[in-house]
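The data block below is data.cif; it holds mmCIF, C-alpha atoms.
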```cif
data_structure
#
loop_
_atom_site.group_PDB
_atom_site.id
_atom_site.type_symbol
_atom_site.label_atom_id
_atom_site.label_comp_id
_atom_site.auth_asym_id
_atom_site.auth_seq_id
_atom_site.Cartn_x
_atom_site.Cartn_y
_atom_site.Cartn_z
ATOM 1 C CA GLU A 7 -16.303 4.991 -27.984
ATOM 2 C CA SER A 8 -15.887 8.095 -25.866
ATOM 3 C CA ALA A 9 -17.652 6.410 -22.917
ATOM 4 C CA ILE A 10 -15.207 3.485 -23.071
ATOM 5 C CA CYS A 11 -12.199 5.818 -23.289
ATOM 6 C CA THR A 12 -13.523 7.937 -20.421
ATOM 7 C CA GLY A 13 -14.127 4.828 -18.313
ATOM 8 C CA LEU A 14 -10.617 3.526 -18.954
ATOM 9 C CA LEU A 15 -9.113 6.927 -18.181
ATOM 10 C CA LEU A 16 -11.096 7.066 -14.930
ATOM 11 C CA ILE A 17 -9.894 3.572 -13.929
ATOM 12 C CA VAL A 18 -6.224 4.362 -14.664
ATOM 13 C CA THR A 19 -6.383 7.744 -12.922
ATOM 14 C CA GLN A 20 -8.171 6.266 -9.917
ATOM 15 C CA SER A 21 -5.621 3.449 -9.682
ATOM 16 C CA LYS A 22 -2.691 5.864 -9.713
ATOM 17 C CA ALA A 23 -4.395 8.078 -7.136
ATOM 18 C CA GLN A 24 -5.136 5.093 -4.870
ATOM 19 C CA THR A 25 -1.496 3.950 -4.982
ATOM 20 C CA LYS A 26 -0.218 7.460 -4.294
ATOM 21 C CA LEU A 27 -2.656 7.913 -1.395
ATOM 22 C CA PHE A 28 -1.672 4.511 0.017
ATOM 23 C CA VAL A 29 2.069 5.274 -0.065
ATOM 24 C CA GLU A 30 1.715 8.834 1.233
ATOM 25 C CA THR A 31 -0.544 7.737 4.096
ATOM 26 C CA MET A 32 2.008 5.128 5.163
ATOM 27 C CA ARG A 33 4.762 7.781 4.924
ATOM 28 C CA MET A 34 2.745 10.205 7.058
ATOM 29 C CA GLU A 35 2.285 7.466 9.658
ATOM 30 C CA GLY A 36 6.042 6.765 9.561
ATOM 31 C CA GLN A 37 5.576 3.150 8.439
ATOM 32 C CA TRP A 38 6.795 3.327 4.814
ATOM 33 C CA LYS A 39 10.306 1.861 4.662
ATOM 34 C CA GLU A 40 11.997 3.561 1.713
ATOM 35 C CA GLY A 41 14.717 0.977 1.129
ATOM 36 C CA GLU A 42 12.542 -2.081 1.696
ATOM 37 C CA MET A 43 9.102 -1.220 0.301
ATOM 38 C CA LYS A 44 8.106 -0.381 -3.249
ATOM 39 C CA ALA A 45 4.847 1.039 -4.592
ATOM 40 C CA GLN A 46 2.594 -1.246 -6.615
ATOM 41 C CA SER A 47 2.818 -0.732 -10.364
ATOM 42 C CA THR A 48 -0.227 0.588 -12.200
ATOM 43 C CA MET A 49 -0.225 -2.465 -14.485
ATOM 44 C CA LYS A 50 -0.369 -4.826 -11.488
ATOM 45 C CA ASP A 51 -3.188 -2.818 -9.955
ATOM 46 C CA LEU A 52 -5.153 -2.737 -13.211
ATOM 47 C CA ASN A 53 -5.225 -6.517 -13.375
ATOM 48 C CA MET A 54 -8.958 -6.997 -13.920
ATOM 49 C CA ILE A 55 -8.928 -10.672 -12.927
ATOM 50 C CA LYS A 56 -8.474 -10.098 -9.235
ATOM 51 C CA LYS A 57 -9.348 -12.447 -6.419
ATOM 52 C CA ALA A 58 -12.701 -14.193 -6.923
ATOM 53 C CA PHE A 59 -13.588 -12.121 -10.017
ATOM 54 C CA PHE A 60 -16.154 -14.647 -11.202
ATOM 55 C CA VAL A 61 -17.944 -14.741 -7.838
ATOM 56 C CA ARG A 62 -18.230 -10.969 -7.954
ATOM 57 C CA MET A 63 -19.720 -11.139 -11.426
ATOM 58 C CA LEU A 64 -22.201 -13.831 -10.362
ATOM 59 C CA THR A 65 -23.257 -11.952 -7.232
ATOM 60 C CA PHE A 66 -23.333 -8.503 -8.868
ATOM 61 C CA PRO A 67 -27.111 -8.654 -9.593
ATOM 62 C CA LEU A 68 -27.664 -8.582 -5.810
ATOM 63 C CA GLN A 69 -26.724 -4.888 -6.022
ATOM 64 C CA ILE A 70 -30.129 -4.217 -7.611
ATOM 65 C CA ILE A 71 -31.866 -4.834 -4.274
ATOM 66 C CA PRO A 72 -31.697 -1.539 -2.332
ATOM 67 C CA VAL A 73 -29.502 -1.567 0.830
ATOM 68 C CA VAL A 74 -29.919 -5.282 1.606
ATOM 69 C CA GLY A 75 -28.488 -6.320 -1.764
ATOM 70 C CA GLY A 76 -25.367 -4.212 -1.233
ATOM 71 C CA ALA A 77 -24.900 -5.694 2.238
ATOM 72 C CA VAL A 78 -25.314 -9.304 1.024
ATOM 73 C CA TYR A 79 -23.000 -8.676 -1.948
ATOM 74 C CA SER A 80 -20.400 -7.133 0.370
ATOM 75 C CA ALA A 81 -20.650 -10.035 2.839
ATOM 76 C CA ILE A 82 -20.156 -12.691 0.145
ATOM 77 C CA ASN A 83 -17.165 -10.885 -1.368
ATOM 78 C CA ALA A 84 -15.735 -9.393 1.857
ATOM 79 C CA THR A 85 -12.525 -11.384 2.307
ATOM 80 C CA PHE A 86 -11.520 -11.087 -1.335
ATOM 81 C CA THR A 87 -12.281 -7.349 -1.424
ATOM 82 C CA GLY A 88 -10.150 -6.882 1.695
ATOM 83 C CA TRP A 89 -7.374 -8.909 0.094
ATOM 84 C CA ASP A 90 -7.541 -6.832 -3.108
ATOM 85 C CA TYR A 91 -7.180 -3.587 -1.143
ATOM 86 C CA MET A 92 -4.348 -4.967 0.994
ATOM 87 C CA ASP A 93 -2.582 -6.210 -2.152
ATOM 88 C CA ARG A 94 -0.751 -2.862 -2.306
ATOM 89 C CA TYR A 95 0.779 -3.611 1.091
ATOM 90 C CA PHE A 96 1.575 -7.217 0.207
ATOM 91 C CA ASP A 97 3.280 -6.024 -2.990
ATOM 92 C CA ALA A 98 5.157 -3.298 -1.082
ATOM 93 C CA ILE A 99 6.705 -5.887 1.236
ATOM 94 C CA GLN A 100 7.020 -8.380 -1.657
ATOM 95 C CA LEU A 101 4.972 -11.089 0.061
ATOM 96 C CA PRO A 102 4.584 -14.192 -2.141
ATOM 97 C CA SER A 103 1.047 -15.262 -3.045
ATOM 98 C CA ARG A 104 1.300 -18.437 -0.927
ATOM 99 C CA LEU A 105 1.972 -16.370 2.205
ATOM 100 C CA GLN A 106 -0.775 -13.925 1.205
ATOM 101 C CA ARG A 107 -3.255 -16.824 1.238
ATOM 102 C CA VAL A 108 -1.942 -17.955 4.640
ATOM 103 C CA GLU A 109 -2.342 -14.411 5.967
ATOM 104 C CA VAL A 110 -5.830 -13.845 4.548
ATOM 105 C CA PHE A 111 -7.379 -17.324 4.969
ATOM 106 C CA GLY A 112 -5.293 -18.689 7.831
ATOM 107 C CA ALA A 113 -4.027 -21.539 5.618
ATOM 108 C CA ASP A 114 -2.657 -22.064 2.129
ATOM 109 C CA LYS A 115 -5.979 -22.603 0.306
ATOM 110 C CA SER A 116 -6.727 -22.015 -3.330
ATOM 111 C CA ASP A 117 -9.146 -19.191 -4.107
ATOM 112 C CA CYS A 118 -11.771 -21.753 -5.185
ATOM 113 C CA SER A 119 -11.586 -23.841 -2.010
ATOM 114 C CA ALA A 120 -11.507 -20.664 0.092
ATOM 115 C CA LEU A 121 -14.828 -19.582 -1.433
ATOM 116 C CA LEU A 122 -16.495 -22.584 0.167
ATOM 117 C CA HIS A 123 -14.558 -22.574 3.445
ATOM 118 C CA ARG A 124 -16.236 -21.218 6.565
ATOM 119 C CA SER A 125 -13.145 -19.349 7.846
ATOM 120 C CA THR A 126 -13.269 -17.118 4.756
ATOM 121 C CA TYR A 127 -16.466 -15.546 6.089
ATOM 122 C CA ASP A 128 -15.626 -15.692 9.801
ATOM 123 C CA ALA A 129 -16.319 -12.501 11.754
ATOM 124 C CA ASP A 130 -12.866 -12.820 13.363
ATOM 125 C CA ASN A 131 -11.146 -12.520 9.969
ATOM 126 C CA GLU A 132 -9.763 -8.960 9.846
ATOM 127 C CA TYR A 133 -9.646 -9.003 6.056
ATOM 128 C CA ALA A 134 -13.320 -10.026 5.880
ATOM 129 C CA ARG A 135 -14.359 -7.215 8.237
ATOM 130 C CA PHE A 136 -12.283 -4.671 6.341
ATOM 131 C CA GLY A 137 -13.481 -5.976 2.965
ATOM 132 C CA PHE A 138 -17.130 -5.847 4.041
ATOM 133 C CA MET A 139 -16.872 -2.166 4.963
ATOM 134 C CA VAL A 140 -14.996 -1.070 1.842
ATOM 135 C CA GLY A 141 -17.269 -3.168 -0.378
ATOM 136 C CA PHE A 142 -20.414 -1.811 1.241
ATOM 137 C CA LEU A 143 -19.215 1.793 0.914
ATOM 138 C CA GLU A 144 -18.425 1.242 -2.755
ATOM 139 C CA SER A 145 -21.895 -0.214 -3.353
ATOM 140 C CA ILE A 146 -23.513 3.139 -2.515
ATOM 141 C CA PRO A 147 -24.945 4.512 -5.777
ATOM 142 C CA ILE A 148 -23.062 7.322 -7.578
ATOM 143 C CA VAL A 149 -20.565 8.371 -4.842
ATOM 144 C CA GLY A 150 -19.582 4.798 -4.023
ATOM 145 C CA PHE A 151 -17.608 4.149 -7.196
ATOM 146 C CA VAL A 152 -16.099 7.641 -7.443
ATOM 147 C CA LEU A 153 -15.256 8.744 -3.900
ATOM 148 C CA PHE A 154 -14.911 5.658 -1.727
ATOM 149 C CA PRO A 155 -12.169 3.826 -3.654
ATOM 150 C CA LEU A 156 -9.891 6.746 -2.729
ATOM 151 C CA THR A 157 -10.886 6.823 0.942
ATOM 152 C CA ASN A 158 -10.690 3.021 1.044
ATOM 153 C CA ALA A 159 -7.077 3.176 -0.206
ATOM 154 C CA VAL A 160 -6.295 5.438 2.755
ATOM 155 C CA ALA A 161 -8.103 2.979 5.050
ATOM 156 C CA ALA A 162 -6.006 0.122 3.615
ATOM 157 C CA ALA A 163 -2.837 2.112 4.287
ATOM 158 C CA LEU A 164 -3.933 2.737 7.887
ATOM 159 C CA PHE A 165 -4.701 -0.980 8.253
ATOM 160 C CA ALA A 166 -1.197 -1.745 6.908
ATOM 161 C CA CYS A 167 0.290 0.779 9.363
ATOM 162 C CA ASP A 168 -1.478 -0.988 12.233
ATOM 163 C CA ILE A 169 -0.009 -4.286 11.016
ATOM 164 C CA GLU A 170 3.479 -2.752 10.846
ATOM 165 C CA LYS A 171 3.123 -1.207 14.333
ATOM 166 C CA ALA A 172 2.074 -4.620 15.681
ATOM 167 C CA GLY A 173 5.315 -6.123 14.385
ATOM 168 C CA GLY A 174 4.314 -7.311 10.925
ATOM 169 C CA LEU A 175 2.029 -9.881 9.382
ATOM 170 C CA ALA A 176 0.833 -12.854 11.404
ATOM 171 C CA CYS A 177 1.963 -15.279 8.689
ATOM 172 C CA LEU A 178 5.537 -14.026 9.103
ATOM 173 C CA LYS A 179 5.412 -14.166 12.911
ATOM 174 C CA ASP A 180 3.712 -17.555 12.962
ATOM 175 C CA SER A 181 5.683 -19.939 15.160
ATOM 176 C CA GLY A 182 4.913 -22.806 12.764
ATOM 177 C CA GLU A 183 6.902 -21.235 9.945
ATOM 178 C CA GLY A 184 9.062 -18.751 11.832
ATOM 179 C CA SER A 185 12.209 -17.613 10.085
ATOM 180 C CA SER A 186 11.647 -19.777 7.001
ATOM 181 C CA ALA A 187 8.530 -17.705 6.220
ATOM 182 C CA LYS A 188 10.496 -14.480 6.564
ATOM 183 C CA SER A 189 13.234 -15.730 4.268
ATOM 184 C CA ASP A 190 10.555 -17.067 1.892
ATOM 185 C CA ALA A 191 8.961 -13.603 1.752
ATOM 186 C CA LYS A 192 12.282 -11.880 1.184
ATOM 187 C CA SER A 193 13.364 -14.306 -1.529
ATOM 188 C CA GLY A 194 10.064 -13.972 -3.376
ATOM 189 C CA GLY A 195 8.837 -17.413 -2.415
ATOM 190 C CA LYS A 196 11.821 -19.277 -3.884
ATOM 191 C CA SER A 197 12.979 -21.015 -0.696
ATOM 192 C CA SER A 198 11.309 -24.217 0.362
ATOM 193 C CA ALA A 199 8.701 -24.040 3.101
ATOM 194 C CA LYS A 200 8.265 -26.600 5.859
ATOM 195 C CA SER A 201 5.402 -29.038 5.356
#
```
What would you get if you wrote out this structure as structure tokens?
Amino acid sequence: ESAICTGLLLIVTQSKAQTKLFVETMRMEGQWKEGEMKAQSTMKDLNMIKKAFFVRMLTFPLQIIPVVGGAVYSAINATFTGWDYMDRYFDAIQLPSRLQRVEVFGADKSDCSALLHRSTYDADNEYARFGFMVGFLESIPIVGFVLFPLTNAVAAALFACDIEKAGGLACLKDSGEGSSAKSDAKSGGKSSAKS
């Protein structure tokens, strides 16, 4: 019982610390927009069924193989791990899930079809590269689960700052959707998108 309570307390505390580090890092970089952005709620962050949860559970035994197993596990789950870390940014700017998929996968694909699509694992996918590194760091025994989720939250904030400095997300700047995507993001996905 005490191990379960301690584990839950660690998860909640770590989640709150990650969100605080993310917001403060963006503030320090001058990219947090007080009136427009809002920090992710702890309940949203504690959602255990995150992107590709079942694939992570199926591939978790790969972690048993020293070094190589962690690398293979991280490669398979890279894009979804990157997306999970950048979810704080997407929530801060209130980006609807449809536009999140466009941003992460390059098209509006379901999580299941994205698992089997080549572009999900493409080396040019920034979210896959970011997700591979944070996933690999977290697969390091003992320190990986305790220390690196906090440093990875800072890395996600710096990644978000780079996106903001570059003028925003590609899915919002995309000439194919243009201003309708921006209004879709601001309205929470309620406006109709062009087909």
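Computed from the coordinates, the atom CA of Tyr95 of chain A to atom CA of Ala159 of chain A distance equals 10.5 Å.
Computed from the coordinates, the atom CA of Ala81 of chain A to atom CA of Asp97 of chain A distance equals 25.0 Å.
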Exactly which residues make up the result of the PyMOL selection byres ((chain A and resi 162) around 10) on this file, given as a CSV table (one decimal) with C-alpha atoms, keeping the file's coordinate frame?
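Produced file selection35.csv, reproduced below:
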```
chain,number,residue,atom,x,y,z
A,24,GLN,CA,-5.1,5.1,-4.9
A,27,LEU,CA,-2.7,7.9,-1.4
A,28,PHE,CA,-1.7,4.5,0.0
A,31,THR,CA,-0.5,7.7,4.1
A,32,MET,CA,2.0,5.1,5.2
A,88,GLY,CA,-10.2,-6.9,1.7
A,89,TRP,CA,-7.4,-8.9,0.1
A,90,ASP,CA,-7.5,-6.8,-3.1
A,91,TYR,CA,-7.2,-3.6,-1.1
A,92,MET,CA,-4.3,-5.0,1.0
A,93,ASP,CA,-2.6,-6.2,-2.2
A,94,ARG,CA,-0.8,-2.9,-2.3
A,95,TYR,CA,0.8,-3.6,1.1
A,136,PHE,CA,-12.3,-4.7,6.3
A,137,GLY,CA,-13.5,-6.0,3.0
A,140,VAL,CA,-15.0,-1.1,1.8
A,156,LEU,CA,-9.9,6.7,-2.7
A,157,THR,CA,-10.9,6.8,0.9
A,158,ASN,CA,-10.7,3.0,1.0
A,159,ALA,CA,-7.1,3.2,-0.2
A,160,VAL,CA,-6.3,5.4,2.8
A,161,ALA,CA,-8.1,3.0,5.0
A,163,ALA,CA,-2.8,2.1,4.3
A,164,LEU,CA,-3.9,2.7,7.9
A,165,PHE,CA,-4.7,-1.0,8.3
A,166,ALA,CA,-1.2,-1.7,6.9
A,167,CYS,CA,0.3,0.8,9.4
A,168,ASP,CA,-1.5,-1.0,12.2
```
Pick from A:Leu14, A:Leu153, A:Ala98, A:Leu105 nearest to Val29 of chain A, counting all atoms listed in the file: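 The shortest atom-to-atom distance to Val29 of chain A comes from A:Ala98.
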Shortest interatomic distance to Arg135 of chain A - which of A:Val110, A:Ile70, A:Met63, A:Leu178, counting all atoms listed in the file: A:Val110
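The space separating atom CA of Arg107 of chain A from atom CA of Thr25 of chain A comes to 21.8 Å.
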Selection result of the PyMOL selection byres ((chain A and resi 99) around 12) on this file, as a PyMOL selection string: chain A and resi 37-46+92-98+100-103+105-106+166+169-170+174-175+178+188+190-194
Counting only C-alpha atoms, the option among A:Val78, A:Ala113, A:Ala120, A:Ile10 closest to Phe142 of chain A: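 Using only C-alpha atoms, Phe142 of chain A sits closest to A:Val78.
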Among listed residues A:Ala172, A:Gly112, A:Gln20, A:Arg62, nearest Val152 of chain A (using all atoms listed in the file):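 Among the listed residues, A:Gln20 lies closest to Val152 of chain A.
Compared by their closest atoms to Ala23 of chain A, and using only C-alpha atoms, the residues A:Ala129, A:Pro155, A:Phe60, A:Gly36 rank with A:Pro155 nearest.
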